[in-house]
Amino acid sequence: MKVYLLLLLLLPLISAQPFTIECHGFDDYMVNLKLKCQSSDVRQACYTRDNGEKGCIAVDHCSRPGWTCCHSNLCNE
């Protein structure tokens, strides 16, 4: 009985999938890349800044001036 209770308690931890989003971004040489951004506890979004910078960022940064965020795969094209 104790084993079943333990499994029941661990099931949400085992089956939890981290949030994943794919975004356009640039590396140090300004090569356009597809970034696969994962987050275990902080949800992320794709962003484009006023200066053209692209990538993924925690959603709470999206309210900053000059940042435009979107929430679907490769939406910051």
# chains A, B, ... in the order shown; residues from 1 in each chain; ligands from 1
call {"tool": "residues_around", "arguments": {"residues": "A:Leu35", "least_positions_apart": "2", "cutoff": "7 Å", "atoms": "only C-alpha atoms", "output": "ChimeraX atom specification"}}
result
/A:22-25,33,37
call {"tool": "residues_around", "arguments": {"residues": "A:Ser39", "least_positions_apart": "3", "cutoff": "8 Å", "atoms": "only C-alpha atoms", "output": "JSON, numbers by chain"}}
result
{"A": [18, 19, 20, 42, 43, 44]}
call {"tool": "residues_around", "arguments": {"residues": "A:Gly55", "least_positions_apart": "4", "cutoff": "12 Å", "atoms": "only C-alpha atoms", "output": "PyMOL selection string"}}
result
chain A and resi 21-27+30+32-37+44-49+62+67-71+73-77
call {"tool": "atom_distance", "arguments": {"atom1": "atom CA of A:Ser63", "atom2": "atom CA of A:Asn51"}}
result
16.2 Å
call {"tool": "select_by_dssp", "arguments": {"residues": "stretch 10-69 of chain A", "states": "strand (DSSP E)", "output": "NGL selection string"}}
result
:A and (19-26 or 32-39 or 44-49 or 54-58 or 67-69)
